[in-house]
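Shown next: coords-v7.txt, given as compact mmCIF, C-alpha atoms.
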```txt
# COMPACT_ATOMS: atom_id res chain seq x y z
CA MET A 1 -22.79 21.11 15.74
CA TYR A 2 -21.56 19.70 19.02
CA GLY A 3 -24.66 21.04 20.77
CA TRP A 4 -26.81 19.35 18.15
CA ILE A 5 -25.06 15.99 18.69
CA TRP A 6 -25.43 16.33 22.45
CA ARG A 7 -29.14 17.03 22.19
CA HIS A 8 -29.70 14.01 19.95
CA LEU A 9 -27.86 11.48 22.10
CA PRO A 10 -30.15 9.27 24.17
CA GLY A 11 -30.18 8.85 27.94
CA ASN A 12 -29.27 11.15 30.79
CA ALA A 13 -26.18 13.33 31.05
CA TRP A 14 -23.91 10.47 32.19
CA VAL A 15 -24.92 8.15 29.38
CA ARG A 16 -24.50 10.97 26.91
CA ALA A 17 -21.04 11.77 28.24
CA LEU A 18 -20.05 8.12 27.90
CA ILE A 19 -21.33 7.89 24.34
CA SER A 20 -19.53 11.14 23.51
CA LEU A 21 -16.29 9.66 24.81
CA VAL A 22 -16.73 6.57 22.66
CA LEU A 23 -17.45 8.77 19.64
CA VAL A 24 -14.30 10.82 20.31
CA PHE A 25 -12.18 7.65 20.47
CA ALA A 26 -13.74 6.35 17.28
CA VAL A 27 -12.90 9.59 15.48
CA VAL A 28 -9.30 9.55 16.77
CA TYR A 29 -8.92 5.93 15.71
CA VAL A 30 -10.12 6.63 12.18
CA LEU A 31 -7.82 9.62 11.96
CA PHE A 32 -4.70 7.78 13.18
CA GLN A 33 -5.39 4.62 11.25
CA TYR A 34 -6.61 5.93 7.93
CA VAL A 35 -6.72 9.69 7.46
CA PHE A 36 -3.27 10.72 8.72
CA PRO A 37 -1.34 7.94 6.97
CA TRP A 38 -3.09 9.00 3.79
CA ALA A 39 -2.41 12.71 4.28
CA GLU A 40 1.20 12.33 5.37
CA PRO A 41 2.87 11.75 1.98
CA LEU A 42 1.03 14.77 0.59
CA LEU A 43 2.81 17.06 3.02
CA PRO A 44 6.39 18.21 2.46
CA PHE A 45 7.94 16.54 5.51
CA ASN A 46 10.36 13.72 5.99
CA ASP A 47 11.84 13.09 2.57
CA VAL A 48 15.17 11.49 3.30
CA THR A 49 16.42 10.22 -0.04
CA VAL A 50 18.46 11.75 -2.82
CA ASP A 51 16.66 11.04 -6.04
CA GLY A 52 17.44 13.64 -8.66
CA GLN A 53 13.88 14.93 -8.84
CA MET B 54 -25.75 31.14 15.48
CA ILE B 55 -23.26 31.69 12.64
CA SER B 56 -20.55 32.87 15.00
CA ARG B 57 -21.10 29.80 17.17
CA GLY B 58 -20.69 27.50 14.20
CA LEU B 59 -17.58 29.37 13.13
CA GLY B 60 -16.11 29.04 16.62
CA GLU B 61 -16.74 25.32 16.64
CA LEU B 62 -15.13 25.02 13.24
CA PHE B 63 -11.97 26.80 14.41
CA ILE B 64 -11.76 24.67 17.52
CA THR B 65 -12.20 21.53 15.44
CA VAL B 66 -9.46 22.53 13.02
CA GLY B 67 -7.16 23.36 15.94
CA VAL B 68 -7.75 20.01 17.61
CA LEU B 69 -7.25 18.25 14.28
CA MET B 70 -3.85 19.90 13.83
CA LEU B 71 -2.79 19.02 17.36
CA LEU B 72 -3.84 15.43 16.73
CA PHE B 73 -1.80 15.33 13.54
CA VAL B 74 1.29 16.57 15.37
CA THR B 75 0.69 13.93 18.02
CA TYR B 76 0.41 11.31 15.30
CA GLN B 77 3.65 12.39 13.64
CA LEU B 78 5.83 12.87 16.66
CA TRP B 79 4.55 10.05 18.82
CA TRP B 80 2.38 7.47 17.13
CA THR B 81 4.53 6.93 14.00
CA ASN B 82 7.51 6.18 16.25
CA ILE B 83 5.57 3.64 18.29
CA ARG B 84 4.25 1.91 15.17
CA ALA B 85 7.55 1.96 13.30
CA GLN B 86 9.48 0.68 16.29
CA GLN B 87 7.12 -2.27 16.61
CA GLN B 88 7.41 -3.04 12.91
CA ALA B 89 11.19 -2.64 12.86
CA ASP B 90 11.60 -4.81 15.96
CA GLY B 91 9.42 -7.43 14.31
CA ALA B 92 11.48 -7.29 11.12
CA ALA B 93 14.76 -7.54 13.07
CA HIS B 94 13.43 -10.48 15.04
CA ASP B 95 12.30 -12.29 11.88
CA LEU B 96 15.71 -11.72 10.30
CA GLN B 97 17.58 -13.14 13.27
CA GLU B 98 15.30 -16.13 13.32
CA GLU B 99 15.86 -16.77 9.63
CA TRP B 100 19.61 -16.48 10.07
CA ALA B 101 19.53 -18.87 12.98
CA LYS B 102 17.75 -21.38 10.76
CA GLY B 103 20.32 -20.83 8.01
CA LYS B 104 17.93 -19.10 5.62
CA GLY B 105 18.17 -15.58 4.20
CA ARG B 106 20.48 -16.38 1.32
CA PRO B 107 22.75 -13.50 0.38
CA GLY B 108 22.32 -12.10 -3.12
CA ALA B 109 19.11 -10.73 -4.56
CA PHE B 110 16.26 -9.61 -2.33
CA GLU B 111 12.71 -8.55 -2.96
CA PRO B 112 11.84 -4.87 -2.59
CA GLY B 113 10.87 -4.23 1.00
CA GLN B 114 12.57 -7.37 2.24
CA GLY B 115 14.92 -7.00 5.19
CA PHE B 116 18.36 -8.49 4.66
CA ALA B 117 20.74 -6.94 7.20
CA LEU B 118 20.98 -5.18 10.53
CA LEU B 119 22.67 -1.81 10.80
CA HIS B 120 24.39 -1.08 14.10
CA ILE B 121 25.59 2.37 15.15
CA PRO B 122 26.89 1.63 18.65
CA LYS B 123 27.59 5.27 19.54
CA LEU B 124 23.94 6.20 18.95
CA ASP B 125 22.48 2.97 20.33
CA VAL B 126 20.93 2.27 16.95
CA VAL B 127 20.14 -1.24 15.75
CA VAL B 128 17.83 -1.15 12.75
CA PRO B 129 16.92 -3.58 9.96
CA VAL B 130 18.02 -2.71 6.44
CA ALA B 131 15.56 -3.53 3.67
CA GLU B 132 15.85 -3.47 -0.08
CA GLY B 133 14.55 -0.28 -1.72
CA ILE B 134 13.81 3.25 -0.54
CA ASP B 135 10.04 3.09 -0.79
CA LYS B 136 8.39 5.07 1.99
CA GLN B 137 5.43 2.86 2.67
CA GLN B 138 7.19 -0.45 2.28
CA VAL B 139 10.44 0.40 4.01
CA LEU B 140 11.17 3.79 5.51
CA ASP B 141 7.83 4.42 7.21
CA ARG B 142 8.07 0.98 8.83
CA GLY B 143 11.07 2.14 10.83
CA MET B 144 13.60 0.41 8.62
CA VAL B 145 16.55 1.77 6.71
CA GLY B 146 16.35 1.41 2.92
CA HIS B 147 19.08 0.37 0.51
CA TYR B 148 19.23 2.33 -2.76
CA ASN B 149 18.67 -0.50 -5.22
CA GLU B 150 16.93 0.80 -8.31
CA GLY B 151 17.50 2.66 -11.53
CA ALA B 152 19.80 5.66 -11.46
CA THR B 153 20.28 5.35 -7.71
CA LYS B 154 21.27 1.70 -7.61
CA THR B 155 24.18 1.10 -5.26
CA ALA B 156 26.39 -1.81 -4.32
CA MET B 157 25.85 -4.40 -1.61
CA PRO B 158 28.35 -4.63 1.24
CA ASP B 159 29.84 -7.83 -0.16
CA ALA B 160 30.74 -6.20 -3.51
CA ARG B 161 34.48 -6.05 -4.12
CA THR B 162 34.27 -2.28 -4.53
CA GLY B 163 31.27 -0.03 -4.31
CA ASN B 164 29.24 2.26 -2.15
CA PHE B 165 26.52 0.72 0.02
CA ALA B 166 24.02 3.60 0.28
CA VAL B 167 21.06 3.62 2.65
CA ALA B 168 18.37 6.13 3.61
CA GLY B 169 16.61 6.48 6.95
CA HIS B 170 14.23 8.83 8.74
CA ARG B 171 15.66 11.68 10.77
CA ASN B 172 12.36 12.35 12.53
CA THR B 173 9.21 10.28 13.00
CA HIS B 174 8.72 6.65 11.95
CA GLY B 175 11.32 5.28 14.33
CA GLU B 176 13.83 8.02 13.41
CA PRO B 177 16.88 5.71 13.16
CA PHE B 178 19.10 8.46 11.74
CA ARG B 179 18.06 11.20 14.16
CA TYR B 180 21.53 11.81 15.55
CA ILE B 181 23.87 10.79 12.74
CA ASN B 182 25.16 14.37 12.79
CA ARG B 183 26.90 13.44 16.06
CA LEU B 184 29.09 10.80 14.44
CA LYS B 185 32.79 11.59 14.42
CA PRO B 186 35.47 10.18 12.10
CA GLY B 187 36.43 6.70 13.30
CA ASP B 188 33.07 5.86 14.89
CA PRO B 189 32.07 2.33 13.86
CA ILE B 190 29.04 1.60 11.69
CA VAL B 191 28.41 -2.14 11.44
CA VAL B 192 26.31 -3.98 8.86
CA GLU B 193 25.41 -7.45 10.04
CA THR B 194 24.28 -9.97 7.43
CA ARG B 195 23.58 -13.67 7.65
CA ASP B 196 27.20 -14.65 7.12
CA LYS B 197 29.28 -11.62 7.91
CA TYR B 198 29.82 -8.46 9.86
CA TYR B 199 30.96 -5.52 7.76
CA VAL B 200 32.61 -2.95 9.99
CA TYR B 201 32.84 0.57 8.59
CA LYS B 202 34.50 3.57 10.19
CA MET B 203 32.78 6.90 9.82
CA ALA B 204 34.94 9.05 7.53
CA SER B 205 33.23 12.35 6.76
CA ILE B 206 29.96 14.22 6.78
CA LEU B 207 28.25 16.59 4.38
CA PRO B 208 25.96 18.61 6.67
CA GLN B 209 23.73 19.88 3.89
CA THR B 210 23.17 19.20 0.23
CA ASP B 211 20.47 19.45 -2.38
CA PRO B 212 17.96 16.55 -2.61
CA GLY B 213 18.80 16.25 -6.30
CA ASN B 214 22.48 15.64 -5.64
CA THR B 215 22.68 11.94 -6.37
CA SER B 216 26.46 12.05 -6.76
CA VAL B 217 26.71 11.60 -2.97
CA ILE B 218 25.77 7.95 -3.35
CA GLY B 219 28.08 7.35 -6.31
CA PRO B 220 30.91 4.79 -6.15
CA VAL B 221 33.45 7.50 -5.24
CA PRO B 222 31.35 10.41 -3.92
CA PRO B 223 32.81 13.88 -4.52
CA GLY B 224 33.32 15.71 -1.23
CA SER B 225 33.67 12.54 0.80
CA GLY B 226 37.46 12.70 0.78
CA PHE B 227 37.64 9.31 -0.95
CA THR B 228 39.83 9.41 -4.02
CA LYS B 229 39.69 5.91 -5.46
CA PRO B 230 37.17 3.09 -5.68
CA GLY B 231 36.78 1.22 -2.42
CA ARG B 232 34.20 -0.30 -0.11
CA TYR B 233 32.19 2.56 1.29
CA ILE B 234 28.91 3.17 3.10
CA THR B 235 26.66 6.22 2.71
CA LEU B 236 23.86 7.23 5.05
CA THR B 237 21.34 9.80 3.79
CA THR B 238 18.66 11.56 5.80
CA CYS B 239 16.90 14.91 5.87
CA THR B 240 18.10 18.16 7.38
CA PRO B 241 17.31 20.53 9.09
CA GLU B 242 15.27 18.36 11.41
CA PHE B 243 11.53 18.16 10.72
CA THR B 244 11.93 19.46 7.18
CA SER B 245 12.68 18.08 3.75
CA LYS B 246 14.62 20.99 2.40
CA TYR B 247 18.10 19.46 2.30
CA ARG B 248 19.83 16.15 2.83
CA MET B 249 22.55 15.26 5.29
CA ILE B 250 25.12 12.71 4.17
CA VAL B 251 27.47 10.59 6.28
CA TRP B 252 30.21 8.50 4.67
CA GLY B 253 32.20 5.60 6.02
CA LYS B 254 34.94 3.30 4.81
CA MET B 255 35.10 -0.43 5.41
CA ALA B 256 37.66 -1.40 8.02
CA GLU B 257 36.90 -5.07 8.57
CA GLU B 258 34.97 -7.91 6.98
CA ARG B 259 34.42 -10.52 9.62
CA PRO B 260 32.76 -13.91 9.12
CA ARG B 261 30.06 -14.64 11.67
CA SER B 262 31.96 -17.77 12.70
CA LYS B 263 34.69 -15.55 14.18
CA GLY B 264 32.22 -13.88 16.52
CA LYS B 265 31.12 -10.30 16.92
CA PRO B 266 33.46 -7.48 15.95
CA SER B 267 34.93 -5.50 18.85
CA ALA B 268 32.68 -2.54 17.98
CA LEU B 269 29.66 -4.59 19.10
CA VAL B 270 31.21 -6.13 22.21
CA ASN B 271 31.10 -4.32 25.51
```
What do you get writing this file as structure tokens?
Amino acid sequence: MYGWIWRHLPGNAWVRALISLVLVFAVVYVLFQYVFPWAEPLLPFNDVTVDGQ
Amino acid sequence: MISRGLGELFITVGVLMLLFVTYQLWWTNIRAQQQADGAAHDLQEEWAKGKGRPGAFEPGQGFALLHIPKLDVVVPVAEGIDKQQVLDRGMVGHYNEGATKTAMPDARTGNFAVAGHRNTHGEPFRYINRLKPGDPIVVETRDKYYVYKMASILPQTDPGNTSVIGPVPPGSGFTKPGRYITLTTCTPEFTSKYRMIVWGKMAEERPRSKGKPSALVN
């Protein structure tokens, strides 16, 4: 998969590396901003209240 | 070809898990601290302008500052124990609804119960297990400082045990109705298996006009 992405990026090796870096940051951003906050309550961590449930 | 794809998949899953741990242990604290600092700042500004009427508050609305001088904790207290609105924003939440409704500090008698994160999201209650009897816990509102002294701790109890936030909690050592504070958080650290409870008893009710209580001056 990663090899496939690399082969389909335009430009020479340096440009490709730069684009890859941007892609990595974009993925991390989406994960931190949207995916992890969504997934967090589904996991059994960090319940701090007493609620009788 | 298959084995290569499988390898990439494993690496991806591994990196994803590491990223999630990074998010939990680092990023949530940064975010929550920013949000809590913002909320504390807004509160102080409102108080300075004479707003922030005591009484009823909206869910999620900050109305007080909780100080635990021994632990260097200053954290806004908001109405309700909703995760997204309150706890995950680095604030401490006041039990205010349904079966777990508890008193406000200004009530003549009652138990002011609040919940806070032990880990992640600002982790205001990380070290409340280090509190010793007599350590001050101060609730600052627009008009008053309510100074509580830590009384006792329940190191571990079931999450369903709502009696710990009752008006006279069994096990706290309190025997008659009074003005109490209860802090709840999770234990052991990084899990949700049990709850840790810290109780305190009000020692002083000090109008803001008389200046800060001695617990906050040094």
Would you mind listing, as an mmCIF file with C-alpha atoms, in the coordinates of the input, all residues of chain B that have at least one atom within 10 Å of chain A, where only C-alpha atoms are what counts?
```cif
data_model
loop_
_atom_site.group_PDB
_atom_site.id
_atom_site.type_symbol
_atom_site.label_atom_id
_atom_site.label_comp_id
_atom_site.auth_asym_id
_atom_site.auth_seq_id
_atom_site.Cartn_x
_atom_site.Cartn_y
_atom_site.Cartn_z
ATOM 1 C CA ARG B 57 -21.100 29.800 17.170
ATOM 2 C CA GLY B 58 -20.690 27.500 14.200
ATOM 3 C CA GLU B 61 -16.740 25.320 16.640
ATOM 4 C CA LEU B 62 -15.130 25.020 13.240
ATOM 5 C CA LEU B 69 -7.250 18.250 14.280
ATOM 6 C CA LEU B 72 -3.840 15.430 16.730
ATOM 7 C CA PHE B 73 -1.800 15.330 13.540
ATOM 8 C CA VAL B 74 1.290 16.570 15.370
ATOM 9 C CA THR B 75 0.690 13.930 18.020
ATOM 10 C CA TYR B 76 0.410 11.310 15.300
ATOM 11 C CA GLN B 77 3.650 12.390 13.640
ATOM 12 C CA TRP B 80 2.380 7.470 17.130
ATOM 13 C CA THR B 81 4.530 6.930 14.000
ATOM 14 C CA ILE B 134 13.810 3.250 -0.540
ATOM 15 C CA ASP B 135 10.040 3.090 -0.790
ATOM 16 C CA LYS B 136 8.390 5.070 1.990
ATOM 17 C CA GLN B 137 5.430 2.860 2.670
ATOM 18 C CA LEU B 140 11.170 3.790 5.510
ATOM 19 C CA ASP B 141 7.830 4.420 7.210
ATOM 20 C CA GLY B 146 16.350 1.410 2.920
ATOM 21 C CA TYR B 148 19.230 2.330 -2.760
ATOM 22 C CA ALA B 152 19.800 5.660 -11.460
ATOM 23 C CA THR B 153 20.280 5.350 -7.710
ATOM 24 C CA VAL B 167 21.060 3.620 2.650
ATOM 25 C CA ALA B 168 18.370 6.130 3.610
ATOM 26 C CA GLY B 169 16.610 6.480 6.950
ATOM 27 C CA HIS B 170 14.230 8.830 8.740
ATOM 28 C CA ARG B 171 15.660 11.680 10.770
ATOM 29 C CA ASN B 172 12.360 12.350 12.530
ATOM 30 C CA THR B 173 9.210 10.280 13.000
ATOM 31 C CA HIS B 174 8.720 6.650 11.950
ATOM 32 C CA GLU B 176 13.830 8.020 13.410
ATOM 33 C CA PHE B 178 19.100 8.460 11.740
ATOM 34 C CA THR B 210 23.170 19.200 0.230
ATOM 35 C CA ASP B 211 20.470 19.450 -2.380
ATOM 36 C CA PRO B 212 17.960 16.550 -2.610
ATOM 37 C CA GLY B 213 18.800 16.250 -6.300
ATOM 38 C CA ASN B 214 22.480 15.640 -5.640
ATOM 39 C CA THR B 215 22.680 11.940 -6.370
ATOM 40 C CA SER B 216 26.460 12.050 -6.760
ATOM 41 C CA VAL B 217 26.710 11.600 -2.970
ATOM 42 C CA ILE B 218 25.770 7.950 -3.350
ATOM 43 C CA LEU B 236 23.860 7.230 5.050
ATOM 44 C CA THR B 237 21.340 9.800 3.790
ATOM 45 C CA THR B 238 18.660 11.560 5.800
ATOM 46 C CA CYS B 239 16.900 14.910 5.870
ATOM 47 C CA THR B 240 18.100 18.160 7.380
ATOM 48 C CA GLU B 242 15.270 18.360 11.410
ATOM 49 C CA PHE B 243 11.530 18.160 10.720
ATOM 50 C CA THR B 244 11.930 19.460 7.180
ATOM 51 C CA SER B 245 12.680 18.080 3.750
ATOM 52 C CA LYS B 246 14.620 20.990 2.400
ATOM 53 C CA TYR B 247 18.100 19.460 2.300
ATOM 54 C CA ARG B 248 19.830 16.150 2.830
ATOM 55 C CA MET B 249 22.550 15.260 5.290
ATOM 56 C CA ILE B 250 25.120 12.710 4.170
#
```
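The spacing separating atom CA of Lys123 of chain B from atom CA of Leu184 of chain B amounts to 7.7 Å.
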Take every atom of segment 3-22 of chain A listed in the file, pad by 5 Å on each side, and give me the axis-aligned box centre and edge lengths in Å, one decimal, as JSON.
```
{"center_x": -23.2, "center_y": 13.8, "center_z": 25.2, "size_x": 23.9, "size_y": 24.5, "size_z": 24.0}
```
Legend entry - Close residues, segment 114-117 of chain B itself excluded, 8 Å, all atoms listed in the file, min 4 positions apart in chain, as number ranges by chain: B: 92-93, 96, 105, 107, 110, 129-132, 192-195
Legend entry - Between atom CA of Pro222 of chain B and atom CA of Gln138 of chain B, distance in Å (one decimal):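 Here the two named atoms are 27.2 Å from each other.
For the pair atom CA of Glu150 of chain B and atom CA of Pro220 of chain B, the interatomic distance is 14.7 Å.
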Inset, instruction - Name the residues in contact with Ile234 of chain B at a cut-off of 7 Å, using all atoms listed in the file, excluding same-chain residues fewer than 6 positions from it; report them as a PyMOL selection string. - result: chain B and resi 164-166+252-254
Need the neighbours of (-9.5, 16.3, 23.6): which residues are at most 12 Å away, counting only C-alpha atoms, as a compact mmCIF listing (two decimals) with C-alpha atoms, in the frame of the given file?
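Produced file out.txt, reproduced below:
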```txt
# COMPACT_ATOMS: atom_id res chain seq x y z
CA SER A 20 -19.53 11.14 23.51
CA LEU A 21 -16.29 9.66 24.81
CA LEU A 23 -17.45 8.77 19.64
CA VAL A 24 -14.30 10.82 20.31
CA PHE A 25 -12.18 7.65 20.47
CA VAL A 27 -12.90 9.59 15.48
CA VAL A 28 -9.30 9.55 16.77
CA ILE B 64 -11.76 24.67 17.52
CA THR B 65 -12.20 21.53 15.44
CA GLY B 67 -7.16 23.36 15.94
CA VAL B 68 -7.75 20.01 17.61
CA LEU B 69 -7.25 18.25 14.28
CA MET B 70 -3.85 19.90 13.83
CA LEU B 71 -2.79 19.02 17.36
CA LEU B 72 -3.84 15.43 16.73
CA THR B 75 0.69 13.93 18.02
```
